[in-house]
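Structure file data23.cif; described as mmCIF, C-alpha atoms.
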```cif
data_upload
loop_
_atom_site.label_atom_id
_atom_site.label_comp_id
_atom_site.auth_asym_id
_atom_site.auth_seq_id
_atom_site.Cartn_x
_atom_site.Cartn_y
_atom_site.Cartn_z
CA MET A 1 -41.82 -17.28 21.33
CA SER A 2 -38.75 -15.12 21.24
CA GLN A 3 -37.66 -13.32 24.36
CA HIS A 4 -36.35 -9.77 24.18
CA VAL A 5 -34.54 -7.88 26.91
CA VAL A 6 -34.67 -4.12 27.31
CA SER A 7 -32.25 -2.40 29.67
CA ALA A 8 -32.96 1.13 30.88
CA LEU A 9 -31.20 3.57 33.17
CA VAL A 10 -33.77 5.73 34.97
CA GLU A 11 -33.83 8.42 37.61
CA ASN A 12 -34.13 6.73 41.00
CA ARG A 13 -37.39 8.36 42.08
CA ALA A 14 -41.02 7.52 42.75
CA GLY A 15 -43.19 6.78 39.73
CA ALA A 16 -40.41 5.91 37.26
CA LEU A 17 -41.20 2.18 37.37
CA SER A 18 -44.90 2.82 36.79
CA ARG A 19 -44.30 5.05 33.77
CA VAL A 20 -41.87 2.61 32.14
CA SER A 21 -43.96 -0.52 32.69
CA GLY A 22 -47.07 1.37 31.58
CA LEU A 23 -45.70 1.77 28.06
CA PHE A 24 -45.44 -2.00 27.71
CA SER A 25 -48.91 -2.72 29.08
CA ARG A 26 -50.57 -0.05 26.91
CA ARG A 27 -49.13 -1.82 23.85
CA GLY A 28 -50.38 -5.22 25.02
CA PHE A 29 -46.99 -6.71 25.92
CA ASN A 30 -46.91 -8.96 28.95
CA ILE A 31 -43.75 -8.28 30.93
CA GLU A 32 -42.28 -11.69 31.69
CA SER A 33 -39.63 -10.39 34.08
CA LEU A 34 -38.90 -6.96 35.52
CA THR A 35 -36.05 -6.18 37.87
CA VAL A 36 -35.04 -2.78 39.19
CA GLY A 37 -32.07 -1.87 41.33
CA GLU A 38 -29.80 0.99 42.20
CA THR A 39 -26.63 1.34 40.10
CA GLU A 40 -23.15 2.51 41.09
CA ASP A 41 -24.77 5.98 41.20
CA PRO A 42 -27.48 6.06 43.94
CA SER A 43 -29.53 8.57 41.91
CA VAL A 44 -29.85 6.10 39.01
CA SER A 45 -31.62 2.72 38.81
CA ARG A 46 -31.22 0.03 36.15
CA MET A 47 -34.36 -1.69 34.87
CA THR A 48 -34.13 -5.02 33.08
CA ILE A 49 -37.36 -5.86 31.28
CA ALA A 50 -37.93 -9.21 29.54
CA VAL A 51 -40.85 -9.60 27.12
CA ARG A 52 -41.87 -12.32 24.65
CA LEU A 53 -42.93 -11.68 21.08
CA ALA A 54 -45.04 -13.82 18.76
CA PRO A 55 -43.79 -17.32 17.83
CA ASN A 56 -41.42 -17.60 14.86
CA GLY A 57 -44.10 -19.31 12.78
CA SER A 58 -46.39 -16.30 12.63
CA GLY A 59 -44.14 -14.12 10.42
CA THR A 60 -46.30 -11.01 9.99
CA ARG A 61 -47.32 -10.90 13.65
CA GLN A 62 -43.69 -11.31 14.76
CA LYS A 63 -42.49 -8.49 12.47
CA SER A 64 -45.31 -6.31 13.75
CA ASP A 65 -44.43 -7.08 17.38
CA LYS A 66 -40.74 -6.40 16.68
CA ARG A 67 -41.61 -3.00 15.19
CA ILE A 68 -43.83 -2.21 18.19
CA LEU A 69 -40.97 -3.16 20.55
CA GLU A 70 -38.65 -0.81 18.63
CA GLN A 71 -41.27 1.95 19.00
CA ILE A 72 -41.57 1.28 22.73
CA VAL A 73 -37.79 1.60 23.13
CA LYS A 74 -37.93 4.96 21.28
CA GLN A 75 -40.88 6.11 23.42
CA LEU A 76 -39.09 5.03 26.62
CA ASP A 77 -36.09 7.10 25.56
CA LYS A 78 -38.38 10.17 25.45
CA LEU A 79 -39.67 9.75 29.03
CA VAL A 80 -38.34 12.35 31.47
CA ASP A 81 -37.21 9.71 33.99
CA VAL A 82 -35.31 7.64 31.40
CA ILE A 83 -31.61 8.43 31.03
CA ALA A 84 -30.75 5.71 28.48
CA VAL A 85 -32.48 2.65 27.03
CA ARG A 86 -31.49 -0.15 24.70
CA GLU A 87 -32.67 -3.58 23.63
CA LEU A 88 -29.92 -6.05 24.49
CA ASP A 89 -28.84 -8.50 21.81
CA ASN A 90 -29.23 -12.13 22.94
CA ASP A 91 -25.76 -13.10 21.75
CA SER A 92 -23.87 -10.21 23.33
CA CYS A 93 -25.29 -10.01 26.82
CA LEU A 94 -24.99 -11.90 30.07
CA ARG A 95 -28.32 -12.91 31.67
CA ARG A 96 -28.68 -14.24 35.19
CA GLU A 97 -31.37 -14.88 37.76
CA ILE A 98 -31.34 -15.94 41.41
CA MET A 99 -33.76 -18.52 42.75
CA LEU A 100 -34.57 -19.85 46.21
CA VAL A 101 -36.28 -23.26 46.34
CA LYS A 102 -37.61 -25.03 49.43
CA ILE A 103 -37.83 -28.79 48.86
CA GLY A 104 -39.59 -31.31 51.08
CA VAL A 105 -37.20 -34.11 52.09
CA ASN A 106 -36.95 -37.11 54.38
CA GLU A 107 -34.07 -39.41 55.33
CA LYS A 108 -34.33 -41.29 52.04
CA THR A 109 -34.65 -38.33 49.66
CA ARG A 110 -32.20 -35.91 51.32
CA PRO A 111 -29.03 -37.42 49.70
CA ALA A 112 -30.55 -37.27 46.20
CA VAL A 113 -31.62 -33.64 46.63
CA LEU A 114 -28.14 -32.74 47.91
CA GLU A 115 -26.57 -34.51 44.92
CA ILE A 116 -28.75 -32.60 42.44
CA THR A 117 -27.92 -29.36 44.25
CA GLY A 118 -24.21 -30.10 43.87
CA ILE A 119 -24.47 -30.93 40.17
CA PHE A 120 -26.05 -27.53 39.51
CA ARG A 121 -23.56 -25.74 41.79
CA ALA A 122 -26.40 -24.44 43.91
CA ARG A 123 -25.92 -23.68 47.60
CA VAL A 124 -27.84 -25.13 50.51
CA VAL A 125 -28.83 -22.08 52.59
CA ASP A 126 -31.18 -23.70 55.12
CA VAL A 127 -31.79 -27.19 56.43
CA SER A 128 -34.49 -28.60 58.70
CA PRO A 129 -35.56 -32.20 59.37
CA GLU A 130 -38.28 -31.90 56.68
CA THR A 131 -36.84 -29.35 54.20
CA ILE A 132 -33.78 -28.15 52.35
CA THR A 133 -33.68 -24.62 50.94
CA VAL A 134 -31.41 -24.10 47.96
CA GLU A 135 -30.08 -20.92 46.37
CA ALA A 136 -29.17 -21.10 42.69
CA THR A 137 -27.82 -18.48 40.31
CA GLY A 138 -27.55 -18.83 36.57
CA SER A 139 -29.23 -18.72 33.20
CA LEU A 140 -32.94 -19.42 32.83
CA ASP A 141 -32.12 -22.78 31.22
CA LYS A 142 -29.95 -23.82 34.16
CA LEU A 143 -32.54 -22.81 36.75
CA ASN A 144 -35.37 -24.48 34.84
CA GLY A 145 -33.27 -27.63 34.57
CA LEU A 146 -32.70 -27.64 38.32
CA LEU A 147 -36.42 -27.21 38.96
CA LEU A 148 -37.23 -30.08 36.60
CA LEU A 149 -35.04 -32.43 38.63
CA LEU A 150 -36.24 -31.17 42.02
CA ARG A 151 -39.99 -31.28 41.24
CA PRO A 152 -40.41 -35.02 41.93
CA TYR A 153 -39.15 -34.45 45.50
CA GLY A 154 -41.80 -31.82 46.21
CA ILE A 155 -41.17 -28.11 45.81
CA MET A 156 -42.82 -26.42 48.76
CA GLU A 157 -41.91 -22.82 47.91
CA LEU A 158 -40.18 -21.00 45.10
CA ALA A 159 -38.95 -17.40 44.76
CA ARG A 160 -37.21 -15.99 41.70
CA THR A 161 -35.65 -12.56 41.32
CA GLY A 162 -36.29 -12.02 37.64
CA MET A 163 -33.60 -11.53 35.07
CA VAL A 164 -30.69 -9.12 35.29
CA ALA A 165 -28.55 -8.52 32.22
CA LEU A 166 -25.44 -6.63 31.14
CA GLU A 167 -23.74 -6.43 27.78
CA ARG A 168 -20.48 -8.32 27.40
CA GLY A 169 -17.11 -6.61 27.08
CA SER A 170 -16.51 -2.88 27.30
CA LYS A 171 -19.92 -1.85 25.90
CA VAL A 172 -21.96 0.01 28.57
CA LEU A 173 -25.37 1.65 28.74
CA SER A 174 -24.89 5.29 29.66
CA ALA A 175 -26.39 8.71 29.05
#
```

Let me see the file written as structure tokens.
Amino acid sequence: MSQHVVSALVENRAGALSRVSGLFSRRGFNIESLTVGETEDPSVSRMTIAVRLAPNGSGTRQKSDKRILEQIVKQLDKLVDVIAVRELDNDSCLRREIMLVKIGVNEKTRPAVLEITGIFRARVVDVSPETITVEATGSLDKLNGLLLLLRPYGIMELARTGMVALERGSKVLSA
């Protein structure tokens, strides 16, 4: 399935999130990740919405989904709360996510977990006799790779922020 990222600048007021996410759900798109946060202007929030379209093998369905996504972007642009909206190109944007992972450890497994943490340039943010909590920032592939290696040690808790994304270079989303 191909992932698409839509970035929107919206008025920072009650109900904006509901109206934007409602357009996706009414069209049958499952939002894979949705992050919202204040921008450099406190009256404006940036929404980063990640959705998946049909697998590459189902040609007609994928083209149909792509057209629907284009329509959603146009409809979002017409909402009163939306200042600007654009689908971000995979090749020209930076995507990151933050993850906190609590891993069960003992005297024997602690060194291995710390070594894995170091390889992925994650930070240990909490330690107890039975756990290590790690903070990692990076691409989805990096974070999923870290989880794959930590799973055998016992992930007790996991929290992910969802994706944030900005276009590379001097290109900016503005009104």

With 8 Å as the cut-off and all atoms listed in the file counted, what is the closest atom pair between each nearby residue of stretch 16-132 of chain A and stretch 155-171 of chain A? Distances in Å to one decimal, ordered by chain and number, as CSV.
```
residue,atom,partner,partner_atom,distance
A:Ser33,CA,A:Gly162,CA,5.1
A:Leu34,CA,A:Gly162,CA,6.1
A:Thr35,CA,A:Gly162,CA,5.8
A:Thr48,CA,A:Val164,CA,5.8
A:Ile49,CA,A:Met163,CA,7.8
A:Ala50,CA,A:Met163,CA,7.4
A:Leu88,CA,A:Glu167,CA,7.0
A:Ser92,CA,A:Arg168,CA,5.6
A:Cys93,CA,A:Glu167,CA,4.0
A:Leu94,CA,A:Ala165,CA,5.4
A:Arg95,CA,A:Ala165,CA,4.4
A:Arg96,CA,A:Val164,CA,5.5
A:Glu97,CA,A:Met163,CA,4.8
A:Ile98,CA,A:Thr161,CA,5.5
A:Met99,CA,A:Arg160,CA,4.4
A:Leu100,CA,A:Ala159,CA,5.2
A:Val101,CA,A:Leu158,CA,4.7
A:Lys102,CA,A:Glu157,CA,5.1
A:Ile103,CA,A:Ile155,CA,4.6
A:Gly104,CA,A:Met156,CA,6.3
```

Atoms kept (C-alpha atoms) for selection, written as a PDB file, in the coordinates of the input:
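Final output, saved to selection_14.pdb:
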```
ATOM      1  CA  SER A  33     -39.630 -10.390  34.080  1.00  0.00           C
ATOM      2  CA  LEU A  34     -38.900  -6.960  35.520  1.00  0.00           C
ATOM      3  CA  THR A  35     -36.050  -6.180  37.870  1.00  0.00           C
ATOM      4  CA  THR A  48     -34.130  -5.020  33.080  1.00  0.00           C
ATOM      5  CA  ILE A  49     -37.360  -5.860  31.280  1.00  0.00           C
ATOM      6  CA  ALA A  50     -37.930  -9.210  29.540  1.00  0.00           C
ATOM      7  CA  LEU A  88     -29.920  -6.050  24.490  1.00  0.00           C
ATOM      8  CA  SER A  92     -23.870 -10.210  23.330  1.00  0.00           C
ATOM      9  CA  CYS A  93     -25.290 -10.010  26.820  1.00  0.00           C
ATOM     10  CA  LEU A  94     -24.990 -11.900  30.070  1.00  0.00           C
ATOM     11  CA  ARG A  95     -28.320 -12.910  31.670  1.00  0.00           C
ATOM     12  CA  ARG A  96     -28.680 -14.240  35.190  1.00  0.00           C
ATOM     13  CA  GLU A  97     -31.370 -14.880  37.760  1.00  0.00           C
ATOM     14  CA  ILE A  98     -31.340 -15.940  41.410  1.00  0.00           C
ATOM     15  CA  MET A  99     -33.760 -18.520  42.750  1.00  0.00           C
ATOM     16  CA  LEU A 100     -34.570 -19.850  46.210  1.00  0.00           C
ATOM     17  CA  VAL A 101     -36.280 -23.260  46.340  1.00  0.00           C
ATOM     18  CA  LYS A 102     -37.610 -25.030  49.430  1.00  0.00           C
ATOM     19  CA  ILE A 103     -37.830 -28.790  48.860  1.00  0.00           C
ATOM     20  CA  GLY A 104     -39.590 -31.310  51.080  1.00  0.00           C
TER      21      GLY A 104
END
```

Using all atoms listed in the file, which protein or nucleic acid residues come within 8 Å of A:Gln75? Drop anything in the same chain fewer than 4 positions from it, and give the result as a PDB file with C-alpha atoms, in the frame of the given file.
```pdb
ATOM      1  CA  LEU A  23     -45.700   1.770  28.060  1.00  0.00           C
ATOM      2  CA  GLN A  71     -41.270   1.950  19.000  1.00  0.00           C
ATOM      3  CA  LEU A  79     -39.670   9.750  29.030  1.00  0.00           C
TER       4      LEU A  79
END
```

Each stretch 31-93 of chain A residue no farther than 10 Å from stretch 8-19 of chain A, nearest pair in Å, all atoms listed in the file, as a tab-separated table:
```
residue	atom	partner	partner_atom	distance
A:Leu34	CA	A:Leu17	CA	9.6
A:Thr35	CA	A:Leu17	CA	9.8
A:Val36	CA	A:Leu17	CA	8.1
A:Gly37	CA	A:Asn12	CA	8.8
A:Glu38	CA	A:Asn12	CA	7.3
A:Thr39	CA	A:Leu9	CA	8.6
A:Asp41	CA	A:Asn12	CA	9.4
A:Pro42	CA	A:Asn12	CA	7.3
A:Ser43	CA	A:Asn12	CA	5.0
A:Val44	CA	A:Asn12	CA	4.8
A:Ser45	CA	A:Asn12	CA	5.2
A:Arg46	CA	A:Leu9	CA	4.6
A:Met47	CA	A:Ala8	CA	5.1
A:Thr48	CA	A:Ala8	CA	6.6
A:Ile49	CA	A:Ala8	CA	8.3
A:Val73	CA	A:Ala8	CA	9.1
A:Leu76	CA	A:Ala8	CA	8.4
A:Asp77	CA	A:Ala8	CA	8.6
A:Leu79	CA	A:Arg19	CA	8.1
A:Val80	CA	A:Glu11	CA	8.6
A:Asp81	CA	A:Glu11	CA	5.1
A:Val82	CA	A:Val10	CA	4.3
A:Ile83	CA	A:Val10	CA	5.2
A:Ala84	CA	A:Leu9	CA	5.2
A:Val85	CA	A:Ala8	CA	4.2
A:Arg86	CA	A:Ala8	CA	6.5
A:Glu87	CA	A:Ala8	CA	8.7
```

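All residues of protein, DNA or RNA that reach within 12 Å of A:Tyr153, judged by all atoms listed in the file and not counting those fewer than 6 positions away in the chain, are Val101, Lys102, Ile103, Gly104, Val105, Asn106, Lys108, Thr109, Arg110, Pro111, Ala112, Val113, Leu114, Ile116, Glu130, Thr131, Ile132, Leu146 and Leu147 of chain A.
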
The PyMOL selection byres ((chain A and resi 124) around 10) - which residues does that actually catch in the file I just gave you? List them as a ChimeraX atom specification. /A:100-102,114,117-118,121-123,125-127,132-136

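We find atom CA of A:Thr137 and atom CA of A:Leu173 to be spaced 23.3 Å apart.
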
Between atom CA of A:Lys74 and atom CA of A:Phe24, what is the distance, to one decimal in Å? 12.1 Å
